[in-house]
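K.L.:
Right, I'll just put the structure down here and ask away after.
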Amino acid sequence: MNPEDVKALVEAGFDDADVAVEGEGDRFLIRVVSDAFEGLMPVKRQQLIYACINDRIKDNSIHAVSLKTFTRAEWDKAQKMGIA
């Protein structure tokens with residue numbers, strides 16, 4: 001898989017999200033900024049993303065992922081602090 005394919009899978013699962021994907025082969029870093037994460041614990045946020053890519057994990061197209069999730073407010077704050 002390539003990052004663009006993974007990005008398309010994740011974007012299809014969210015109405016309005018900023019998705020960035022880095023990586024190659026079967027290992028990817030996925031960053032999602034979406035207000036759909038508002039009020040959710042980190043595990044629930046991860047589950048929403050995994051729901052988008054589980055078929056590719058099952059067929060071994062994706063082996064490993066690292067996830068970063070932010071609401072829009074969290075993302076703005078992280079950027080201002082220089083940690084994003």
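Each chain of the structure tokens is named A, B, ... in the order shown, its residues numbered from 1; ligands are numbered from 1 in display order.
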Residues at most 9 Å from segment 68-73 of chain A, counting only C-alpha atoms, excluding those fewer than 3 positions away in the same chain, as a list in words?

P.N.:
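Listing them by chain and then by number gives Leu29, Ile30, Arg31, Val32, Val33, Ser34, Asp35, Ala36, Phe37, Glu38, Pro42, Arg45, Gln46, Asp76, Lys77 and Ala78 of chain A.
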
K.L.:
Residues of chain A in alpha helix (DSSP H) according to DSSP, as an MDAnalysis selection string?

P.N.:
chainID A and resid 3:12 42:58 72:81

K.L.:
Skipping near chain neighbours, those fewer than 3 positions away, what residues fall within 8 Å of segment 59-65 of chain A using only C-alpha atoms, listed as a count of residues only?

P.N.:
9

K.L.:
Rank A:Met41, A:Lys80, A:Gln47, A:Ile53 by their smallest atom-to-atom distance to Ala12 of chain A, using only C-alpha atoms, and report the top residue only.

P.N.:
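Nearest candidate to Ala12 of chain A out of A:Met41, A:Lys80, A:Gln47, A:Ile53: A:Ile53.
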
K.L.:
Report, in Å with one decimal, the straight-line distance from atom CA of Ala8 of chain A to atom CA of Tyr50 of chain A.

P.N.:
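Distance between the two atoms: 13.4 Å.
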
K.L.:
Let's see if you can do this: from backbone DSSP, list all strand (DSSP E) residues in chain A, as a PyMOL selection string.

P.N.:
chain A and resi 18-24+27-33+64-70

K.L.:
Just checking: using only C-alpha atoms, which residue out of A:Ile49, A:Met81, A:Trp75, A:Ala20 ends up closest to Lys7 of chain A?

P.N.:
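Result for the nearest residue to Lys7 of chain A: A:Ala20.
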
K.L.:
So how many Å separate atom CA of Gly39 of chain A and atom CA of Val21 of chain A, to one decimal?

P.N.:
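Calculated distance between atom CA of Gly39 of chain A and atom CA of Val21 of chain A is 23.7 Å.
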